[in-house]
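What follows is the content of model27.pdb, which has PDB, C-alpha atoms:
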```pdb
MODEL        1
ATOM      1  CA  MET A   9    -100.080 147.814  45.787
ATOM      2  CA  GLN A  10     -98.750 146.502  42.465
ATOM      3  CA  ALA A  11    -101.121 145.660  39.615
ATOM      4  CA  VAL A  12    -101.010 145.032  35.867
ATOM      5  CA  GLN A  13    -102.474 147.998  33.988
ATOM      6  CA  CYS A  14    -103.956 148.270  30.502
ATOM      7  CA  HIS A  15    -104.228 151.916  29.371
ATOM      8  CA  GLU A  16    -105.479 151.193  25.856
ATOM      9  CA  PHE A  17    -106.225 148.203  23.665
ATOM     10  CA  GLY A  18    -103.129 146.957  21.901
ATOM     11  CA  PRO A  19    -100.434 144.273  21.915
ATOM     12  CA  VAL A  20     -99.959 142.329  25.149
ATOM     13  CA  SER A  21     -96.440 143.774  25.269
ATOM     14  CA  ASP A  22     -97.953 147.193  26.096
ATOM     15  CA  LEU A  23     -99.107 146.074  29.552
ATOM     16  CA  THR A  24     -97.355 147.649  32.536
ATOM     17  CA  VAL A  25     -97.086 146.887  36.244
ATOM     18  CA  GLU A  26     -97.764 149.957  38.351
ATOM     19  CA  ALA A  27     -98.447 151.029  41.925
ATOM     20  CA  ILE A  28    -102.167 151.778  42.350
ATOM     21  CA  ALA A  29    -104.402 152.528  45.318
ATOM     22  CA  LEU A  30    -105.439 149.632  47.553
ATOM     23  CA  PRO A  31    -109.103 148.858  46.702
ATOM     24  CA  GLU A  32    -111.689 148.864  49.491
ATOM     25  CA  PRO A  33    -114.607 146.399  49.495
ATOM     26  CA  ASP A  34    -118.164 147.686  49.678
ATOM     27  CA  SER A  35    -120.832 146.130  51.909
ATOM     28  CA  HIS A  36    -121.224 142.945  49.837
ATOM     29  CA  GLU A  37    -117.604 142.456  48.743
ATOM     30  CA  VAL A  38    -114.365 141.052  50.117
ATOM     31  CA  ARG A  39    -110.759 141.920  49.381
ATOM     32  CA  ILE A  40    -108.335 139.087  48.732
ATOM     33  CA  GLN A  41    -104.562 139.136  49.015
ATOM     34  CA  ALA A  42    -103.770 137.136  45.907
ATOM     35  CA  ASN A  43    -101.282 134.286  46.135
ATOM     36  CA  ALA A  44    -101.957 133.020  42.613
ATOM     37  CA  CYS A  45    -103.854 134.264  39.551
ATOM     38  CA  GLY A  46    -104.885 131.994  36.709
ATOM     39  CA  VAL A  47    -104.103 133.192  33.185
ATOM     40  CA  ASN A  48    -106.656 132.491  30.461
ATOM     41  CA  PHE A  49    -107.017 133.085  26.735
ATOM     42  CA  PRO A  50    -109.836 135.621  27.249
ATOM     43  CA  ASP A  51    -107.362 137.755  29.243
ATOM     44  CA  ALA A  52    -105.185 138.039  26.142
ATOM     45  CA  LEU A  53    -108.186 138.848  23.947
ATOM     46  CA  LEU A  54    -109.476 141.448  26.407
ATOM     47  CA  VAL A  55    -106.339 143.609  26.481
ATOM     48  CA  GLN A  56    -106.192 143.523  22.668
ATOM     49  CA  GLY A  57    -109.799 144.697  22.331
ATOM     50  CA  GLN A  58    -110.949 141.365  20.904
ATOM     51  CA  TYR A  59    -113.252 140.185  23.693
ATOM     52  CA  GLN A  60    -116.949 140.732  24.498
ATOM     53  CA  LEU A  61    -116.162 143.103  27.403
ATOM     54  CA  THR A  62    -115.056 146.702  26.887
ATOM     55  CA  PRO A  63    -113.988 148.028  30.306
ATOM     56  CA  ASP A  64    -113.057 151.620  31.020
ATOM     57  CA  PHE A  65    -109.361 152.494  31.000
ATOM     58  CA  PRO A  66    -107.145 151.926  32.807
ATOM     59  CA  PHE A  67    -108.098 148.444  33.957
ATOM     60  CA  THR A  68    -106.420 145.385  35.443
ATOM     61  CA  PRO A  69    -107.127 142.093  33.625
ATOM     62  CA  GLY A  70    -107.403 138.722  35.331
ATOM     63  CA  CYS A  71    -110.534 136.749  36.219
ATOM     64  CA  GLU A  72    -109.553 134.036  38.724
ATOM     65  CA  VAL A  73    -107.553 134.234  41.947
ATOM     66  CA  ALA A  74    -106.723 132.260  45.055
ATOM     67  CA  GLY A  75    -105.475 133.829  48.246
ATOM     68  CA  ILE A  76    -106.300 135.017  51.754
ATOM     69  CA  ILE A  77    -109.161 137.377  52.627
ATOM     70  CA  SER A  78    -107.710 140.677  53.869
ATOM     71  CA  ALA A  79    -110.935 142.678  54.352
ATOM     72  CA  VAL A  80    -114.702 142.066  54.296
ATOM     73  CA  GLY A  81    -117.698 144.306  53.716
ATOM     74  CA  ASP A  82    -120.000 144.967  56.669
ATOM     75  CA  LYS A  83    -122.842 142.873  55.247
ATOM     76  CA  VAL A  84    -120.722 139.793  54.461
ATOM     77  CA  GLN A  85    -121.377 137.168  57.118
ATOM     78  CA  HIS A  86    -120.227 133.851  55.650
ATOM     79  CA  LEU A  87    -116.618 134.884  55.022
ATOM     80  CA  SER A  88    -113.955 136.304  57.330
ATOM     81  CA  VAL A  89    -110.489 137.856  57.295
ATOM     82  CA  GLY A  90    -107.760 135.215  57.153
ATOM     83  CA  GLN A  91    -109.774 132.605  55.207
ATOM     84  CA  LYS A  92    -108.148 130.741  52.322
ATOM     85  CA  VAL A  93    -110.383 131.257  49.301
ATOM     86  CA  ALA A  94    -110.694 131.157  45.536
ATOM     87  CA  ALA A  95    -112.729 133.668  43.583
ATOM     88  CA  VAL A  96    -114.000 134.649  40.151
ATOM     89  CA  CYS A  97    -113.713 138.278  39.094
ATOM     90  CA  GLN A  98    -114.486 139.884  35.756
ATOM     91  CA  LEU A  99    -111.421 142.118  36.138
ATOM     92  CA  GLY A 100    -108.675 142.899  38.629
ATOM     93  CA  GLY A 101    -107.083 139.490  39.131
ATOM     94  CA  PHE A 102    -103.548 140.385  38.000
ATOM     95  CA  ALA A 103    -102.758 142.314  41.163
ATOM     96  CA  GLU A 104    -101.504 141.878  44.704
ATOM     97  CA  GLN A 105    -104.998 142.538  46.076
ATOM     98  CA  VAL A 106    -108.405 142.242  44.410
ATOM     99  CA  VAL A 107    -111.948 143.117  45.476
ATOM    100  CA  VAL A 108    -114.610 140.542  44.550
ATOM    101  CA  PRO A 109    -118.387 140.178  45.185
ATOM    102  CA  ALA A 110    -118.807 137.853  48.163
ATOM    103  CA  GLN A 111    -121.183 135.562  46.236
ATOM    104  CA  GLN A 112    -118.331 134.711  43.854
ATOM    105  CA  VAL A 113    -115.866 133.747  46.617
ATOM    106  CA  MET A 114    -115.448 130.153  47.764
ATOM    107  CA  PRO A 115    -113.596 128.896  50.870
ATOM    108  CA  LEU A 116    -110.904 126.396  49.923
ATOM    109  CA  PRO A 117    -110.324 123.040  51.627
ATOM    110  CA  ASP A 118    -106.847 122.098  52.822
ATOM    111  CA  PHE A 119    -106.379 119.418  50.161
ATOM    112  CA  ILE A 120    -105.808 121.945  47.347
ATOM    113  CA  ASP A 121    -103.001 124.506  47.225
ATOM    114  CA  MET A 122    -103.275 128.091  46.028
ATOM    115  CA  ILE A 123    -101.657 127.624  42.621
ATOM    116  CA  GLU A 124    -103.820 124.673  41.644
ATOM    117  CA  ALA A 125    -106.933 126.343  43.057
ATOM    118  CA  ALA A 126    -106.374 129.457  40.952
ATOM    119  CA  ALA A 127    -105.792 127.325  37.862
ATOM    120  CA  LEU A 128    -108.814 125.083  38.519
ATOM    121  CA  ILE A 129    -111.511 127.734  38.413
ATOM    122  CA  THR A 130    -112.061 129.168  34.938
ATOM    123  CA  ALA A 131    -110.917 126.317  32.693
ATOM    124  CA  HIS A 132    -112.498 123.471  34.620
ATOM    125  CA  ALA A 133    -115.617 125.399  35.609
ATOM    126  CA  THR A 134    -116.202 126.472  31.998
ATOM    127  CA  ALA A 135    -115.894 122.899  30.780
ATOM    128  CA  HIS A 136    -118.072 121.600  33.619
ATOM    129  CA  HIS A 137    -120.843 124.139  32.982
ATOM    130  CA  ALA A 138    -120.654 123.515  29.239
ATOM    131  CA  LEU A 139    -120.879 119.744  29.472
ATOM    132  CA  LYS A 140    -123.342 119.558  32.362
ATOM    133  CA  GLN A 141    -125.775 122.467  32.034
ATOM    134  CA  ARG A 142    -125.426 123.360  28.357
ATOM    135  CA  ALA A 143    -124.858 119.994  26.644
ATOM    136  CA  GLY A 144    -126.444 117.583  29.121
ATOM    137  CA  LEU A 145    -123.658 115.096  28.313
ATOM    138  CA  GLN A 146    -124.748 111.513  29.000
ATOM    139  CA  PRO A 147    -122.720 108.376  29.828
ATOM    140  CA  GLY A 148    -121.753 106.498  26.680
ATOM    141  CA  GLU A 149    -122.001 109.508  24.372
ATOM    142  CA  THR A 150    -119.094 110.541  22.150
ATOM    143  CA  LEU A 151    -117.512 113.869  23.104
ATOM    144  CA  VAL A 152    -115.097 115.602  20.732
ATOM    145  CA  VAL A 153    -112.806 118.231  22.297
ATOM    146  CA  THR A 154    -110.862 120.711  20.166
ATOM    147  CA  GLY A 155    -107.793 122.478  21.527
ATOM    148  CA  ALA A 156    -107.630 119.461  23.807
ATOM    149  CA  ALA A 157    -104.171 120.213  25.257
ATOM    150  CA  GLY A 158    -104.988 123.750  26.388
ATOM    151  CA  GLY A 159    -106.286 124.621  29.839
ATOM    152  CA  THR A 160    -110.009 124.381  29.111
ATOM    153  CA  GLY A 161    -109.555 121.601  26.548
ATOM    154  CA  LEU A 162    -107.752 119.352  29.031
ATOM    155  CA  ALA A 163    -110.445 120.164  31.577
ATOM    156  CA  ALA A 164    -113.144 119.101  29.097
ATOM    157  CA  VAL A 165    -111.310 115.826  28.446
ATOM    158  CA  GLN A 166    -111.082 115.063  32.171
ATOM    159  CA  ILE A 167    -114.668 116.090  32.948
ATOM    160  CA  GLY A 168    -116.036 114.238  29.930
ATOM    161  CA  LYS A 169    -114.431 111.050  31.237
ATOM    162  CA  ALA A 170    -115.726 111.744  34.759
ATOM    163  CA  MET A 171    -119.234 112.013  33.262
ATOM    164  CA  GLY A 172    -118.879 108.691  31.439
ATOM    165  CA  ALA A 173    -118.346 109.816  27.855
ATOM    166  CA  ARG A 174    -116.037 108.435  25.180
ATOM    167  CA  VAL A 175    -113.634 111.310  24.493
ATOM    168  CA  ILE A 176    -111.901 112.103  21.205
ATOM    169  CA  ALA A 177    -109.191 114.767  21.497
ATOM    170  CA  VAL A 178    -108.408 117.057  18.545
ATOM    171  CA  CYS A 179    -104.955 118.691  18.618
ATOM    172  CA  SER A 180    -102.364 120.218  16.303
ATOM    173  CA  SER A 181     -99.371 118.068  17.303
ATOM    174  CA  GLU A 182     -98.437 114.617  18.571
ATOM    175  CA  ALA A 183     -97.079 116.079  21.827
ATOM    176  CA  LYS A 184    -100.415 117.747  22.537
ATOM    177  CA  LEU A 185    -102.299 114.563  21.692
ATOM    178  CA  ALA A 186    -100.093 112.604  24.073
ATOM    179  CA  LEU A 187    -100.954 115.023  26.894
ATOM    180  CA  ALA A 188    -104.672 114.748  26.128
ATOM    181  CA  LYS A 189    -104.475 110.962  26.211
ATOM    182  CA  GLU A 190    -102.589 111.096  29.528
ATOM    183  CA  ASN A 191    -105.590 113.039  30.837
ATOM    184  CA  GLY A 192    -108.184 110.512  29.728
ATOM    185  CA  ALA A 193    -108.839 110.889  25.996
ATOM    186  CA  ASP A 194    -109.806 107.559  24.434
ATOM    187  CA  ALA A 195    -108.684 108.543  20.947
ATOM    188  CA  GLY A 196    -107.007 111.473  19.249
ATOM    189  CA  ILE A 197    -106.778 113.267  15.923
ATOM    190  CA  ASN A 198    -103.765 115.317  14.843
ATOM    191  CA  TYR A 199    -105.485 117.607  12.361
ATOM    192  CA  SER A 200    -102.163 118.978  11.063
ATOM    193  CA  GLN A 201    -101.337 115.522   9.702
ATOM    194  CA  ASN A 202    -104.726 113.883   9.128
ATOM    195  CA  ASP A 203    -108.043 114.835   7.564
ATOM    196  CA  LEU A 204    -110.239 115.837  10.490
ATOM    197  CA  LYS A 205    -113.553 115.004   8.834
ATOM    198  CA  GLU A 206    -112.438 111.557   7.666
ATOM    199  CA  GLU A 207    -110.893 110.689  11.034
ATOM    200  CA  LEU A 208    -114.054 111.726  12.880
ATOM    201  CA  LYS A 209    -116.116 109.609  10.514
ATOM    202  CA  ARG A 210    -113.814 106.639  11.118
ATOM    203  CA  LEU A 211    -113.679 107.009  14.904
ATOM    204  CA  THR A 212    -117.468 107.360  15.221
ATOM    205  CA  ASP A 213    -118.331 104.626  12.683
ATOM    206  CA  GLY A 214    -119.973 107.262  10.527
ATOM    207  CA  LYS A 215    -122.380 108.398  13.253
ATOM    208  CA  GLY A 216    -120.681 111.696  14.106
ATOM    209  CA  ALA A 217    -120.169 113.415  17.451
ATOM    210  CA  ASP A 218    -122.878 113.580  20.094
ATOM    211  CA  VAL A 219    -121.239 116.593  21.761
ATOM    212  CA  VAL A 220    -118.440 118.844  20.528
ATOM    213  CA  TYR A 221    -116.562 121.158  22.901
ATOM    214  CA  GLU A 222    -115.320 123.670  20.332
ATOM    215  CA  CYS A 223    -112.873 126.378  21.335
ATOM    216  CA  VAL A 224    -110.828 126.849  18.131
ATOM    217  CA  GLY A 225    -113.227 128.256  15.525
ATOM    218  CA  GLY A 226    -112.231 128.830  11.922
ATOM    219  CA  ASP A 227    -111.845 125.797   9.656
ATOM    220  CA  THR A 228    -112.019 123.411  12.624
ATOM    221  CA  PHE A 229    -115.520 124.615  13.491
ATOM    222  CA  ASP A 230    -116.575 124.401   9.838
ATOM    223  CA  THR A 231    -115.530 120.743   9.690
ATOM    224  CA  LEU A 232    -117.161 119.833  12.995
ATOM    225  CA  SER A 233    -120.436 121.502  12.002
ATOM    226  CA  ARG A 234    -120.589 118.883   9.256
ATOM    227  CA  SER A 235    -119.604 116.006  11.563
ATOM    228  CA  MET A 236    -122.399 116.057  14.128
ATOM    229  CA  ALA A 237    -124.606 113.135  15.122
ATOM    230  CA  TRP A 238    -128.398 113.351  15.065
ATOM    231  CA  GLU A 239    -129.567 115.345  18.122
ATOM    232  CA  GLY A 240    -125.962 116.322  18.814
ATOM    233  CA  ARG A 241    -124.892 119.482  20.636
ATOM    234  CA  LEU A 242    -122.189 121.717  19.182
ATOM    235  CA  LEU A 243    -120.839 123.899  22.003
ATOM    236  CA  VAL A 244    -119.416 127.294  21.021
ATOM    237  CA  VAL A 245    -116.740 127.971  23.656
ATOM    238  CA  GLY A 246    -114.183 130.207  21.927
ATOM    239  CA  PHE A 247    -112.169 131.077  18.842
ATOM    240  CA  ALA A 248    -108.496 130.421  19.565
ATOM    241  CA  SER A 249    -107.722 130.442  15.841
ATOM    242  CA  GLY A 250    -108.745 134.098  15.711
ATOM    243  CA  LYS A 251    -111.413 133.396  13.084
ATOM    244  CA  ILE A 252    -115.083 133.553  14.080
ATOM    245  CA  PRO A 253    -116.897 131.116  11.781
ATOM    246  CA  LYS A 254    -120.186 131.619   9.989
ATOM    247  CA  MET A 255    -122.335 128.533  10.222
ATOM    248  CA  PRO A 256    -124.641 127.375   7.409
ATOM    249  CA  VAL A 257    -127.732 126.931   9.589
ATOM    250  CA  ASN A 258    -129.241 124.442   7.154
ATOM    251  CA  LEU A 259    -126.787 121.913   8.614
ATOM    252  CA  ALA A 260    -128.489 122.148  12.010
ATOM    253  CA  LEU A 261    -131.824 121.606  10.275
ATOM    254  CA  VAL A 262    -130.976 118.591   8.157
ATOM    255  CA  LYS A 263    -128.740 116.927  10.767
ATOM    256  CA  GLY A 264    -131.041 117.712  13.693
ATOM    257  CA  TYR A 265    -128.431 119.056  16.088
ATOM    258  CA  SER A 266    -128.234 122.120  18.311
ATOM    259  CA  LEU A 267    -125.731 124.969  18.352
ATOM    260  CA  VAL A 268    -125.227 125.951  22.010
ATOM    261  CA  GLY A 269    -123.371 129.012  23.258
ATOM    262  CA  VAL A 270    -121.222 128.848  26.406
ATOM    263  CA  PHE A 271    -120.450 132.100  28.247
ATOM    264  CA  TRP A 272    -119.334 130.935  31.669
ATOM    265  CA  GLY A 273    -118.521 134.404  33.030
ATOM    266  CA  VAL A 274    -122.124 135.587  32.680
ATOM    267  CA  PHE A 275    -123.382 132.250  34.051
ATOM    268  CA  THR A 276    -121.462 132.818  37.317
ATOM    269  CA  GLN A 277    -123.255 136.153  37.765
ATOM    270  CA  LYS A 278    -126.751 135.062  36.746
ATOM    271  CA  SER A 279    -126.684 131.684  38.524
ATOM    272  CA  PRO A 280    -124.251 132.051  41.463
ATOM    273  CA  LYS A 281    -125.812 129.205  43.476
ATOM    274  CA  VAL A 282    -125.498 126.756  40.582
ATOM    275  CA  PHE A 283    -121.941 127.972  40.002
ATOM    276  CA  MET A 284    -121.048 127.201  43.628
ATOM    277  CA  GLN A 285    -122.688 123.772  43.371
ATOM    278  CA  ASN A 286    -120.609 123.083  40.271
ATOM    279  CA  MET A 287    -117.424 124.149  42.070
ATOM    280  CA  GLN A 288    -118.182 121.851  44.996
ATOM    281  CA  GLU A 289    -118.593 118.943  42.573
ATOM    282  CA  LEU A 290    -115.321 119.865  40.850
ATOM    283  CA  LEU A 291    -113.477 119.986  44.179
ATOM    284  CA  THR A 292    -114.918 116.564  45.056
ATOM    285  CA  TRP A 293    -113.707 115.191  41.730
ATOM    286  CA  TYR A 294    -110.320 116.846  42.345
ATOM    287  CA  GLN A 295    -110.045 115.125  45.733
ATOM    288  CA  GLN A 296    -111.019 111.819  44.067
ATOM    289  CA  ASN A 297    -108.370 112.361  41.327
ATOM    290  CA  LYS A 298    -111.046 112.387  38.625
ATOM    291  CA  VAL A 299    -109.834 115.823  37.535
ATOM    292  CA  LYS A 300    -106.446 117.447  37.996
ATOM    293  CA  VAL A 301    -104.694 120.702  37.222
ATOM    294  CA  VAL A 302    -101.865 120.623  34.680
ATOM    295  CA  ILE A 303     -99.597 123.649  35.149
ATOM    296  CA  ASP A 304     -97.582 124.561  32.062
ATOM    297  CA  SER A 305     -95.582 127.300  33.831
ATOM    298  CA  THR A 306     -95.761 130.153  36.348
ATOM    299  CA  TYR A 307     -94.834 133.844  35.933
ATOM    300  CA  THR A 308     -94.398 136.950  38.038
ATOM    301  CA  LEU A 309     -96.638 139.979  37.493
ATOM    302  CA  GLY A 310     -93.728 141.646  35.693
ATOM    303  CA  ASN A 311     -93.708 138.828  33.119
ATOM    304  CA  VAL A 312     -97.420 138.978  32.355
ATOM    305  CA  SER A 313     -96.802 139.972  28.712
ATOM    306  CA  GLN A 314     -94.738 136.838  28.118
ATOM    307  CA  ALA A 315     -97.481 134.692  29.622
ATOM    308  CA  LEU A 316    -100.204 136.218  27.441
ATOM    309  CA  GLN A 317     -98.035 136.001  24.326
ATOM    310  CA  LYS A 318     -97.549 132.294  24.963
ATOM    311  CA  LEU A 319    -101.327 131.963  24.946
ATOM    312  CA  ASN A 320    -101.545 133.974  21.721
ATOM    313  CA  ASP A 321     -98.990 131.638  20.169
ATOM    314  CA  ARG A 322    -101.112 128.626  21.184
ATOM    315  CA  ALA A 323     -98.009 127.149  22.802
ATOM    316  CA  VAL A 324     -99.548 126.388  26.219
ATOM    317  CA  MET A 325    -100.129 122.821  27.375
ATOM    318  CA  GLY A 326    -102.282 123.111  30.465
ATOM    319  CA  LYS A 327    -102.583 126.323  32.492
ATOM    320  CA  LEU A 328    -100.427 129.390  33.163
ATOM    321  CA  VAL A 329    -100.421 131.049  36.587
ATOM    322  CA  LEU A 330     -99.181 134.446  37.784
ATOM    323  CA  LEU A 331     -97.634 134.646  41.248
ATOM    324  CA  PRO A 332     -98.005 138.242  42.580
TER     325      PRO A 332
ENDMDL
END
```

If you convert what's in this file into structure tokens, what do you get?
Amino acid sequence: MQAVQCHEFGPVSDLTVEAIALPEPDSHEVRIQANACGVNFPDALLVQGQYQLTPDFPFTPGCEVAGIISAVGDKVQHLSVGQKVAAVCQLGGFAEQVVVPAQQVMPLPDFIDMIEAAALITAHATAHHALKQRAGLQPGETLVVTGAAGGTGLAAVQIGKAMGARVIAVCSSEAKLALAKENGADAGINYSQNDLKEELKRLTDGKGADVVYECVGGDTFDTLSRSMAWEGRLLVVGFASGKIPKMPVNLALVKGYSLVGVFWGVFTQKSPKVFMQNMQELLTWYQQNKVKVVIDSTYTLGNVSQALQKLNDRAVMGKLVLLP
């Protein structure tokens, strides 16, 4: 079968597509013939050696797929060959076939197609877990979302609205702000043209943000750490700017807010039942049009480097998907 291969950490342009052996599932795994593979910013970080994971070489990146089950382990009873499914995998997604633990595989209803299913998982599920389990977002609270036109940012905007929050989108351009507002943002800040701190103060009447979904890092994080409401929750989701900030912890003390880490990949492994419950709620919201998938563009496996570079350039509005 064909799969993307990373032989050493380096530029995304170094990735190759090669023929490798067809993987076989063990007793508690299934193999999926992938129809679509979601592309996420952590995939780009991983192959450059800038992510939390350090897999052995060579490895195939990719953490979310949708497709048809082609083989099942002998102890898997709730899934069968021929089922339409979506799955989360730490590695291996950018391939024609991928083996995944059965507990991280979810049958798909007919109302969602493969491309949107693959794109729904990581971005929306990360935002959902962050806002529900980690932040405990409540109706009427003010949610600030950075990187609000990217895959997980748009998901946070949509889910924040579904949970009853007032959502302020933070973006780097008017086009990105327009997309965020189309997806439910009540207000927006273009931080390339306006002072982020002053705009947040104005839009919250000086109170600050109850919850911040922060996936940019750098100077943006520094500003938001000073713009929190009392008993607010500052969610650390990622560092798209490439700069990991250092927080003056006295701010959390004097302003009485919490800094909360969000590592969705580990959550899916440690709490698989809760993860599946979250996904069922997301699919219900999808069917009710409370959340939707915005596809920026699709690529073949052979064009994976271009897809990841577009993520590196922060030029994506919505999600990218590979079609094996």

**Item:** Test item: residues at most 10 Å from Asp34 (chain A), only C-alpha atoms, excluding those fewer than 5 positions along its chain, as a PyMOL selection string
**Value:** chain A and resi 39+79-84+107-110

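Our summary of the geometry notes that CA of Glu32 (chain A) is positioned 12.8 Å from CA of Gly100 (chain A).
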
Could you pull the residues within 6 Å of Gly70 (chain A), counting all atoms listed in the file, minus those fewer than 4 positions along the same chain, as a compact mmCIF listing (two decimals) with C-alpha atoms, keeping the file's coordinate frame?
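Below you can see out21.txt, which holds the result:
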```txt
# COMPACT_ATOMS: atom_id res chain seq x y z
CA LEU A 99 -111.42 142.12 36.14
CA GLY A 100 -108.68 142.90 38.63
CA GLY A 101 -107.08 139.49 39.13
CA PHE A 102 -103.55 140.38 38.00
```

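For the atom pair formed by CA of Thr154 (chain A) and CA of Val274 (chain A), the distance is 22.5 Å, given to one decimal.
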
Picked residues, the PyMOL selection byres ((chain A and resi 15-29) around 12), as a PDB file with C-alpha atoms, keeping the file's coordinate frame:
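Result file is result-v7.pdb:
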```pdb
ATOM      1  CA  MET A   9    -100.080 147.814  45.787  1.00  0.00           C
ATOM      2  CA  GLN A  10     -98.750 146.502  42.465  1.00  0.00           C
ATOM      3  CA  ALA A  11    -101.121 145.660  39.615  1.00  0.00           C
ATOM      4  CA  VAL A  12    -101.010 145.032  35.867  1.00  0.00           C
ATOM      5  CA  GLN A  13    -102.474 147.998  33.988  1.00  0.00           C
ATOM      6  CA  CYS A  14    -103.956 148.270  30.502  1.00  0.00           C
ATOM      7  CA  LEU A  30    -105.439 149.632  47.553  1.00  0.00           C
ATOM      8  CA  PRO A  31    -109.103 148.858  46.702  1.00  0.00           C
ATOM      9  CA  GLU A  32    -111.689 148.864  49.491  1.00  0.00           C
ATOM     10  CA  PHE A  49    -107.017 133.085  26.735  1.00  0.00           C
ATOM     11  CA  ASP A  51    -107.362 137.755  29.243  1.00  0.00           C
ATOM     12  CA  ALA A  52    -105.185 138.039  26.142  1.00  0.00           C
ATOM     13  CA  LEU A  53    -108.186 138.848  23.947  1.00  0.00           C
ATOM     14  CA  LEU A  54    -109.476 141.448  26.407  1.00  0.00           C
ATOM     15  CA  VAL A  55    -106.339 143.609  26.481  1.00  0.00           C
ATOM     16  CA  GLN A  56    -106.192 143.523  22.668  1.00  0.00           C
ATOM     17  CA  GLY A  57    -109.799 144.697  22.331  1.00  0.00           C
ATOM     18  CA  GLN A  58    -110.949 141.365  20.904  1.00  0.00           C
ATOM     19  CA  TYR A  59    -113.252 140.185  23.693  1.00  0.00           C
ATOM     20  CA  LEU A  61    -116.162 143.103  27.403  1.00  0.00           C
ATOM     21  CA  THR A  62    -115.056 146.702  26.887  1.00  0.00           C
ATOM     22  CA  PRO A  63    -113.988 148.028  30.306  1.00  0.00           C
ATOM     23  CA  ASP A  64    -113.057 151.620  31.020  1.00  0.00           C
ATOM     24  CA  PHE A  65    -109.361 152.494  31.000  1.00  0.00           C
ATOM     25  CA  PRO A  66    -107.145 151.926  32.807  1.00  0.00           C
ATOM     26  CA  PHE A  67    -108.098 148.444  33.957  1.00  0.00           C
ATOM     27  CA  THR A  68    -106.420 145.385  35.443  1.00  0.00           C
ATOM     28  CA  PRO A  69    -107.127 142.093  33.625  1.00  0.00           C
ATOM     29  CA  GLY A 100    -108.675 142.899  38.629  1.00  0.00           C
ATOM     30  CA  PHE A 102    -103.548 140.385  38.000  1.00  0.00           C
ATOM     31  CA  ALA A 103    -102.758 142.314  41.163  1.00  0.00           C
ATOM     32  CA  GLU A 104    -101.504 141.878  44.704  1.00  0.00           C
ATOM     33  CA  GLN A 105    -104.998 142.538  46.076  1.00  0.00           C
ATOM     34  CA  VAL A 106    -108.405 142.242  44.410  1.00  0.00           C
ATOM     35  CA  THR A 308     -94.398 136.950  38.038  1.00  0.00           C
ATOM     36  CA  LEU A 309     -96.638 139.979  37.493  1.00  0.00           C
ATOM     37  CA  GLY A 310     -93.728 141.646  35.693  1.00  0.00           C
ATOM     38  CA  ASN A 311     -93.708 138.828  33.119  1.00  0.00           C
ATOM     39  CA  VAL A 312     -97.420 138.978  32.355  1.00  0.00           C
ATOM     40  CA  SER A 313     -96.802 139.972  28.712  1.00  0.00           C
ATOM     41  CA  GLN A 314     -94.738 136.838  28.118  1.00  0.00           C
ATOM     42  CA  ALA A 315     -97.481 134.692  29.622  1.00  0.00           C
ATOM     43  CA  LEU A 316    -100.204 136.218  27.441  1.00  0.00           C
ATOM     44  CA  GLN A 317     -98.035 136.001  24.326  1.00  0.00           C
ATOM     45  CA  LYS A 318     -97.549 132.294  24.963  1.00  0.00           C
ATOM     46  CA  LEU A 319    -101.327 131.963  24.946  1.00  0.00           C
ATOM     47  CA  ASN A 320    -101.545 133.974  21.721  1.00  0.00           C
ATOM     48  CA  ASP A 321     -98.990 131.638  20.169  1.00  0.00           C
ATOM     49  CA  PRO A 332     -98.005 138.242  42.580  1.00  0.00           C
TER      50      PRO A 332
END
```

Around region 200-218 of chain A, fit a box with edges along x, y and z, padding it by 8 Å on each side, then list its centre and edge lengths in Å to one decimal as lines of an AutoDock Vina configuration file.
```
center_x = -112.1
center_y = 111.8
center_z = 13.8
size_x = 37.5
size_y = 30.4
size_z = 28.5
```

**Request:** Give me the residues within 6 Å of region 226-233 of chain A as a PyMOL selection string, counting all atoms listed in the file and dropping any in the same chain fewer than 2 places off.
**Result:** chain A and resi 235+251-253
